[in-house]
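target-v5.txt, holding compact mmCIF, C-alpha atoms:
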```
# COMPACT_ATOMS: atom_id res chain seq x y z
CA MET W 22 12.22 -15.45 8.11
CA SER W 23 9.98 -17.84 6.18
CA ILE W 24 11.23 -19.31 2.99
CA THR W 25 9.61 -21.81 0.74
CA GLU W 26 10.87 -23.28 -2.47
CA ILE W 27 9.23 -25.27 -5.20
CA THR W 28 10.34 -26.61 -8.55
CA ILE W 29 7.72 -27.07 -11.23
CA ALA W 30 7.84 -28.55 -14.72
CA ASN W 31 7.07 -26.41 -17.77
CA ARG W 32 3.42 -27.44 -18.04
CA GLY W 33 0.32 -25.35 -17.45
CA SER W 34 -1.05 -27.93 -15.05
CA GLU W 35 1.87 -27.17 -12.71
CA LEU W 36 0.81 -23.58 -12.11
CA LEU W 37 -1.56 -24.47 -9.29
CA ARG W 38 1.28 -26.08 -7.35
CA ALA W 39 3.13 -22.78 -7.32
CA ALA W 40 -0.07 -20.97 -6.34
CA ASP W 41 -0.63 -23.41 -3.44
CA CYS W 42 2.88 -22.75 -2.24
CA LEU W 43 2.19 -19.01 -2.14
CA ASP W 44 -1.09 -19.59 -0.29
CA ARG W 45 0.73 -21.64 2.32
CA LEU W 46 3.31 -18.93 2.92
CA GLY W 47 0.57 -16.31 3.07
CA ALA W 48 -1.34 -18.29 5.70
CA GLU W 49 1.79 -19.08 7.70
CA ARG W 50 2.84 -15.43 7.82
CA ASN W 51 -0.67 -14.03 8.09
CA LEU W 52 -0.19 -11.87 5.01
CA ALA W 53 -3.06 -9.67 3.86
CA PRO W 54 -5.18 -11.54 1.27
CA GLU W 55 -5.04 -8.46 -1.02
CA MET W 56 -1.29 -8.60 -1.17
CA VAL W 57 -1.16 -12.36 -1.67
CA ALA W 58 -3.70 -11.93 -4.49
CA ASP W 59 -1.41 -9.40 -6.21
CA MET W 60 1.51 -11.80 -5.98
CA HIS W 61 -0.71 -14.60 -7.36
CA VAL W 62 -1.39 -12.55 -10.47
CA ALA W 63 2.27 -11.63 -10.95
CA LEU W 64 3.51 -15.17 -10.40
CA ASP W 65 0.89 -16.63 -12.72
CA GLU W 66 1.68 -14.16 -15.52
CA ILE W 67 5.42 -14.73 -15.28
CA LEU W 68 5.22 -18.53 -15.07
CA THR W 69 2.67 -18.71 -17.89
CA ASN W 70 5.00 -16.64 -20.08
CA ILE W 71 7.93 -18.91 -19.33
CA ILE W 72 5.93 -22.08 -20.02
CA LYS W 73 4.53 -20.71 -23.28
CA TYR W 74 7.50 -18.92 -24.75
CA ALA W 75 10.81 -19.75 -23.09
CA TYR W 76 11.48 -23.16 -24.60
CA THR W 77 12.16 -24.04 -28.19
CA ASP W 78 12.40 -27.79 -27.63
CA ASN W 79 9.76 -30.22 -26.39
CA ALA W 80 11.79 -31.41 -23.45
CA GLU W 81 10.75 -31.10 -19.84
CA HIS W 82 12.36 -28.19 -18.04
CA LYS W 83 12.48 -27.17 -14.42
CA ILE W 84 11.37 -23.78 -13.19
CA ARG W 85 12.48 -22.91 -9.70
CA ILE W 86 10.42 -20.61 -7.52
CA CYS W 87 11.62 -19.32 -4.20
CA LEU W 88 9.16 -17.41 -2.03
CA ARG W 89 10.06 -15.63 1.17
CA VAL W 90 9.20 -12.84 3.52
CA ILE W 91 12.20 -10.72 4.42
CA ASP W 92 12.49 -7.17 5.77
CA ASN W 93 8.77 -6.57 5.41
CA VAL W 94 8.82 -7.61 1.79
CA LEU W 95 7.14 -10.58 0.10
CA GLU W 96 9.59 -11.74 -2.51
CA ALA W 97 9.44 -14.28 -5.31
CA VAL W 98 12.55 -15.36 -7.21
CA ILE W 99 11.82 -17.24 -10.42
CA GLU W 100 14.57 -19.02 -12.34
CA ASP W 101 14.29 -20.85 -15.63
CA ASP W 102 16.72 -22.25 -18.17
CA GLY W 103 14.81 -20.98 -21.19
CA ALA W 104 15.89 -18.57 -23.88
CA PRO W 105 17.11 -15.20 -22.59
CA PHE W 106 14.04 -13.06 -22.04
CA ASP W 107 13.67 -9.81 -20.16
CA PRO W 108 9.94 -9.21 -19.59
CA LEU W 109 10.72 -5.66 -18.53
CA ALA W 110 11.87 -4.89 -22.06
CA ILE W 111 8.33 -5.41 -23.37
CA ARG W 112 6.64 -2.21 -24.46
CA ALA W 113 3.71 -1.21 -22.29
CA PRO W 114 0.36 -1.72 -24.02
CA ASP W 115 -1.91 1.22 -24.76
CA VAL W 116 -4.63 0.60 -22.21
CA SER W 117 -6.70 3.49 -23.51
CA ALA W 118 -6.99 2.24 -27.10
CA PRO W 119 -10.54 1.59 -28.36
CA LEU W 120 -11.76 -1.97 -28.87
CA ASN W 121 -10.83 -2.23 -32.55
CA LYS W 122 -7.26 -1.10 -31.85
CA ARG W 123 -6.79 -2.90 -28.56
CA ARG W 124 -4.08 -5.53 -28.34
CA VAL W 125 -3.83 -8.00 -25.51
CA GLY W 126 -0.11 -8.67 -25.81
CA GLY W 127 1.84 -7.17 -22.91
CA ILE W 128 -1.12 -6.94 -20.55
CA GLY W 129 0.26 -9.67 -18.29
CA ILE W 130 3.56 -7.85 -17.84
CA HIS W 131 1.65 -4.59 -17.41
CA PHE W 132 -0.17 -6.21 -14.48
CA VAL W 133 3.10 -7.45 -13.00
CA ARG W 134 4.77 -4.02 -13.19
CA ASN W 135 1.79 -2.29 -11.63
CA LEU W 136 0.98 -4.78 -8.89
CA MET W 137 4.55 -5.23 -7.67
CA ASP W 138 6.71 -2.61 -5.95
CA GLU W 139 9.87 -3.83 -7.61
CA VAL W 140 10.71 -6.17 -10.49
CA THR W 141 14.25 -6.98 -11.53
CA TYR W 142 15.60 -9.22 -14.25
CA GLU W 143 19.01 -10.67 -14.85
CA ARG W 144 20.51 -13.29 -17.11
CA ALA W 145 22.70 -15.42 -14.89
CA GLY W 146 24.70 -17.91 -16.93
CA GLU W 147 22.19 -20.15 -18.68
CA HIS W 148 19.29 -18.94 -16.55
CA ASN W 149 16.77 -16.14 -16.49
CA ARG W 150 16.32 -14.81 -12.99
CA LEU W 151 13.36 -12.61 -12.19
CA VAL W 152 12.73 -11.12 -8.77
CA LEU W 153 9.28 -9.82 -7.77
CA ARG W 154 8.95 -7.75 -4.60
CA LYS W 155 5.86 -6.51 -2.82
CA ARG W 156 6.15 -4.46 0.36
CA ILE W 157 4.02 -5.59 3.27
CA GLY W 158 1.54 -3.14 4.73
CA VAL W 159 1.77 -0.50 2.02
CA MET K 18 -13.54 -22.94 -13.47
CA ASP K 19 -17.22 -23.85 -13.73
CA LEU K 20 -19.50 -22.48 -16.40
CA ARG K 21 -23.28 -22.39 -15.99
CA GLU K 22 -25.54 -21.25 -18.73
CA GLU K 23 -29.20 -20.43 -18.84
CA LYS K 24 -31.60 -18.54 -21.07
CA VAL K 25 -33.52 -15.70 -19.51
CA GLY K 26 -35.91 -14.21 -22.03
CA GLY K 27 -33.79 -13.82 -25.12
CA VAL K 28 -30.54 -13.46 -23.18
CA SER K 29 -27.94 -16.20 -22.74
CA VAL K 30 -26.61 -15.82 -19.23
CA VAL K 31 -23.20 -17.38 -18.72
CA GLU K 32 -22.00 -17.55 -15.14
CA VAL K 33 -18.32 -18.12 -14.44
CA LYS K 34 -17.25 -19.54 -11.12
CA GLY K 35 -13.67 -19.96 -9.97
CA ARG K 36 -10.56 -19.07 -11.92
CA ILE K 37 -9.97 -17.88 -15.47
CA ASP K 38 -6.30 -18.45 -16.19
CA SER K 39 -4.27 -19.82 -19.08
CA ASN K 40 -5.53 -23.34 -18.29
CA THR K 41 -9.22 -22.52 -18.19
CA ALA K 42 -9.52 -19.54 -20.56
CA PRO K 43 -9.85 -21.66 -23.75
CA ALA K 44 -13.03 -23.36 -22.43
CA LEU K 45 -14.59 -19.98 -21.69
CA GLY K 46 -13.54 -18.76 -25.14
CA GLU K 47 -15.23 -21.69 -26.84
CA ARG K 48 -18.43 -21.11 -24.91
CA LEU K 49 -18.56 -17.39 -25.63
CA ILE K 50 -17.69 -17.75 -29.30
CA ALA K 51 -20.33 -20.50 -29.67
CA ASN K 52 -22.86 -18.11 -28.16
CA LEU K 53 -21.81 -15.24 -30.39
CA GLU K 54 -21.76 -17.29 -33.58
CA ALA K 55 -25.18 -16.14 -34.73
CA ALA K 56 -25.86 -12.48 -35.49
CA LYS K 57 -27.59 -10.13 -33.08
CA VAL K 58 -27.56 -12.37 -30.04
CA ARG K 59 -27.52 -11.15 -26.48
CA VAL K 60 -25.09 -12.54 -23.92
CA LEU K 61 -24.71 -11.64 -20.27
CA LEU K 62 -21.53 -12.76 -18.59
CA ASP K 63 -22.02 -12.96 -14.83
CA LEU K 64 -18.64 -12.63 -13.08
CA SER K 65 -19.93 -12.27 -9.51
CA ARG K 66 -18.52 -15.68 -8.55
CA LEU K 67 -15.25 -15.22 -10.38
CA GLU K 68 -12.32 -15.47 -7.98
CA TYR K 69 -9.46 -14.78 -10.30
CA ILE K 70 -8.68 -13.67 -13.83
CA SER K 71 -5.32 -13.41 -15.58
CA SER K 72 -4.30 -11.79 -18.87
CA ALA K 73 -5.24 -15.04 -20.64
CA GLY K 74 -8.83 -14.42 -19.48
CA PHE K 75 -8.80 -10.81 -20.65
CA ARG K 76 -7.58 -11.96 -24.04
CA ILE K 77 -10.69 -14.15 -24.35
CA LEU K 78 -13.01 -11.37 -23.18
CA LEU K 79 -11.46 -9.02 -25.72
CA LEU K 80 -11.91 -11.53 -28.54
CA ALA K 81 -15.52 -12.07 -27.47
CA ALA K 82 -16.19 -8.31 -27.44
CA LYS K 83 -14.71 -8.00 -30.93
CA ARG K 84 -16.84 -10.90 -32.14
CA ALA K 85 -19.95 -9.34 -30.60
CA ASP K 86 -19.15 -6.13 -32.49
CA GLU K 87 -18.80 -8.00 -35.76
CA THR K 88 -22.07 -9.88 -35.37
CA GLU K 89 -23.98 -6.85 -34.05
CA SER K 90 -24.57 -8.76 -30.87
CA ARG K 91 -24.65 -7.45 -27.38
CA LEU K 92 -22.23 -8.65 -24.69
CA VAL K 93 -22.84 -7.33 -21.19
CA LEU K 94 -20.85 -8.08 -18.04
CA CYS K 95 -22.12 -7.99 -14.46
CA GLY K 96 -20.75 -8.69 -11.01
CA VAL K 97 -17.30 -7.24 -11.70
CA ALA K 98 -16.07 -6.59 -8.17
CA GLY K 99 -13.11 -6.58 -5.83
CA LYS K 100 -9.79 -7.85 -7.11
CA VAL K 101 -11.27 -8.74 -10.47
CA ARG K 102 -12.49 -5.18 -10.90
CA GLN K 103 -9.07 -3.82 -9.95
CA LEU K 104 -7.54 -5.77 -12.85
CA PHE K 105 -10.24 -4.57 -15.26
CA ASP K 106 -9.31 -1.05 -14.18
CA LEU K 107 -5.55 -1.61 -14.40
CA GLY K 108 -5.82 -3.05 -17.89
CA GLY K 109 -8.13 -0.29 -19.10
CA PHE K 110 -10.94 -2.78 -19.71
CA LEU K 111 -13.71 -1.01 -17.78
CA ASP K 112 -14.38 1.31 -20.73
CA LEU K 113 -14.31 -1.45 -23.34
CA PHE K 114 -17.23 -3.42 -21.98
CA THR K 115 -20.78 -2.65 -20.96
CA ILE K 116 -20.58 -3.42 -17.25
CA VAL K 117 -23.51 -3.31 -14.86
CA GLY K 118 -23.95 -4.25 -11.21
CA SER K 119 -26.44 -7.09 -10.86
CA ARG K 120 -27.68 -9.91 -13.05
CA GLU K 121 -31.12 -8.29 -13.23
CA GLU K 122 -29.61 -5.05 -14.49
CA GLY K 123 -27.53 -7.09 -16.93
CA ILE K 124 -30.53 -8.88 -18.39
CA ALA K 125 -32.27 -5.52 -18.79
CA ALA K 126 -29.16 -4.01 -20.42
CA ALA K 127 -28.60 -6.95 -22.77
CA GLY K 128 -32.24 -7.48 -23.68
```

Please re-express this file's structure in structure tokens.
Amino acid sequence: MSITEITIANRGSELLRAADCLDRLGAERNLAPEMVADMHVALDEILTNIIKYAYTDNAEHKIRICLRVIDNVLEAVIEDDGAPFDPLAIRAPDVSAPLNKRRVGGIGIHFVRNLMDEVTYERAGEHNRLVLRKRIGV
Amino acid sequence: MDLREEKVGGVSVVEVKGRIDSNTAPALGERLIANLEAAKVRVLLDLSRLEYISSAGFRILLLAAKRADETESRLVLCGVAGKVRQLFDLGGFLDLFTIVGSREEGIAAAG
């Protein structure tokens, strides 16, 4: 089992560190680039949401990301101490609406739901805990 | 993300290389909006060297398309392939834009 963990600060410039971490795990475990790419999108969307919306103060916060491959599943666990927020509760956008009625809100989460095989959210004490799972070789 | 811009005939060709994410999307937005400021302009966005796009990037593309509509301009995309194309499809964006294969086709379509 490979496991890799990284803690980033709530700044946009930190996103690439998390992405690098995923690339390293992908290379180490020889994961299909397609699948790693899907996880990149999901991780980016979730972390960007947290950095933009989770905090009401201007303080620095830590976001913990744990990546691992277990039982033929690539898994990312993301924990933050921001305001309670369940991304799965967001209404799916209407992706067939014409240009003048099209809204972009919710597209990121729409990507996450569709690219991952499983997404679960829980509020654990003062933390949001989101788990992304993508099956290997499907 | 690197942006390269050139004029071919009356078409502004903007080539995007690298990643469009929440960090880089604003710079692309500024460039596209600057191009679409005047009425009835023609812009070709070449995405053949784009490696990655997130929802922040789609937000900018959507705003640019709306602006193009308002100014009776033409915004054409080319080189939408692979993973990038999959996200266009997933988000229902393929029908919102005029998308062609190559840069040459794009210049013809925009011009």

Would you please work out which residue, of W:Leu136, W:Arg150, W:Pro108, W:Asn121, is nearest to Glu87 of chain K when using all atoms listed in the file?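 Smallest distance to Glu87 of chain K is found for W:Asn121.
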
d(atom CA of Cys95 of chain K, atom CA of Thr115 of chain K) in Å: 8.5 Å

One number please: atom CA of Arg89 of chain W to atom CA of Leu107 of chain K, in Å, one decimal.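 If I compute the distance from atom CA of Arg89 of chain W to atom CA of Leu107 of chain K, I get 26.1 Å.
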
Give as a ChimeraX atom specification every residue, naming chains and numbers as the document does, that has an atom within 7 Å of (15.5, -16.0, -16.5), counting all atoms listed in the file. /W:100-103,105-106,143-144,148-151

Residues of chain W within 12 Å of chain K, counting only C-alpha atoms, what are they? List them as a ChimeraX atom specification. /W:32-37,40,54-70,72-73,113-136

May I ask for the distance between atom CA of Ala104 of chain W and atom CA of Asp41 of chain W, given in Å to one decimal place?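 Those two atoms sit 26.7 Å apart.
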
Which residues, written as an MDAnalysis selection string, have at least one atom at most 12 Å from Asn52 of chain K, with only C-alpha atoms counted and residues fewer than 4 positions away on the same chain left out? chainID K and resid 22:24 28:31 45:48 56:62 81:82 84:85 88 90:92

Residue selection dump (C-alpha atoms) as an mmCIF file, in the frame of the given file:
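part.cif, freshly written:
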```cif
data_model
loop_
_atom_site.group_PDB
_atom_site.id
_atom_site.type_symbol
_atom_site.label_atom_id
_atom_site.label_comp_id
_atom_site.auth_asym_id
_atom_site.auth_seq_id
_atom_site.Cartn_x
_atom_site.Cartn_y
_atom_site.Cartn_z
ATOM 1 C CA GLU K 22 -25.540 -21.250 -18.730
ATOM 2 C CA GLU K 23 -29.200 -20.430 -18.840
ATOM 3 C CA LYS K 24 -31.600 -18.540 -21.070
ATOM 4 C CA VAL K 28 -30.540 -13.460 -23.180
ATOM 5 C CA SER K 29 -27.940 -16.200 -22.740
ATOM 6 C CA VAL K 30 -26.610 -15.820 -19.230
ATOM 7 C CA VAL K 31 -23.200 -17.380 -18.720
ATOM 8 C CA LEU K 45 -14.590 -19.980 -21.690
ATOM 9 C CA GLY K 46 -13.540 -18.760 -25.140
ATOM 10 C CA GLU K 47 -15.230 -21.690 -26.840
ATOM 11 C CA ARG K 48 -18.430 -21.110 -24.910
ATOM 12 C CA ALA K 56 -25.860 -12.480 -35.490
ATOM 13 C CA LYS K 57 -27.590 -10.130 -33.080
ATOM 14 C CA VAL K 58 -27.560 -12.370 -30.040
ATOM 15 C CA ARG K 59 -27.520 -11.150 -26.480
ATOM 16 C CA VAL K 60 -25.090 -12.540 -23.920
ATOM 17 C CA LEU K 61 -24.710 -11.640 -20.270
ATOM 18 C CA LEU K 62 -21.530 -12.760 -18.590
ATOM 19 C CA ALA K 81 -15.520 -12.070 -27.470
ATOM 20 C CA ALA K 82 -16.190 -8.310 -27.440
ATOM 21 C CA ARG K 84 -16.840 -10.900 -32.140
ATOM 22 C CA ALA K 85 -19.950 -9.340 -30.600
ATOM 23 C CA THR K 88 -22.070 -9.880 -35.370
ATOM 24 C CA SER K 90 -24.570 -8.760 -30.870
ATOM 25 C CA ARG K 91 -24.650 -7.450 -27.380
ATOM 26 C CA LEU K 92 -22.230 -8.650 -24.690
#
```

So which residues touch Ser119 of chain K within 12 Å, counting all atoms listed in the file, skipping near sequence neighbours fewer than 6 positions away, as a PDB file with C-alpha atoms, keeping the file's coordinate frame?
```pdb
ATOM      1  CA  LEU K  61     -24.710 -11.640 -20.270  1.00  0.00           C
ATOM      2  CA  LEU K  62     -21.530 -12.760 -18.590  1.00  0.00           C
ATOM      3  CA  ASP K  63     -22.020 -12.960 -14.830  1.00  0.00           C
ATOM      4  CA  LEU K  64     -18.640 -12.630 -13.080  1.00  0.00           C
ATOM      5  CA  SER K  65     -19.930 -12.270  -9.510  1.00  0.00           C
ATOM      6  CA  ARG K  66     -18.520 -15.680  -8.550  1.00  0.00           C
ATOM      7  CA  VAL K  93     -22.840  -7.330 -21.190  1.00  0.00           C
ATOM      8  CA  LEU K  94     -20.850  -8.080 -18.040  1.00  0.00           C
ATOM      9  CA  CYS K  95     -22.120  -7.990 -14.460  1.00  0.00           C
ATOM     10  CA  GLY K  96     -20.750  -8.690 -11.010  1.00  0.00           C
ATOM     11  CA  VAL K  97     -17.300  -7.240 -11.700  1.00  0.00           C
ATOM     12  CA  ALA K  98     -16.070  -6.590  -8.170  1.00  0.00           C
ATOM     13  CA  ALA K 125     -32.270  -5.520 -18.790  1.00  0.00           C
ATOM     14  CA  ALA K 126     -29.160  -4.010 -20.420  1.00  0.00           C
TER      15      ALA K 126
END
```

Pick out the residues sitting within 12 Å of Thr25 of chain W, and hand them over as a list in words; count only C-alpha atoms, and ignore anything fewer than 5 positions along from it in its own chain.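 After dropping sequence-adjacent residues, the list is Ala39, Asp41, Cys42, Leu43, Asp44, Arg45, Leu46, Gly47, Glu49, Arg50, Arg85, Ile86, Cys87, Leu88, Arg89, Val90, Ile91, Leu95, Glu96, Ala97 and Val98 of chain W.
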
Arg102 of chain K proximity check over K:Arg21, K:Glu121, K:Leu78, K:Leu67, using all atoms listed in the file: winner is K:Leu67

Counting only C-alpha atoms, which residues come within 9 Å of (16.3, -5.5, -6.9), with the point read in the file's coordinates, and could you list them as a list in words?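 So the residues meeting the distance criterion are Glu139, Val140, Thr141, Tyr142, Val152, Leu153 and Arg154 of chain W.
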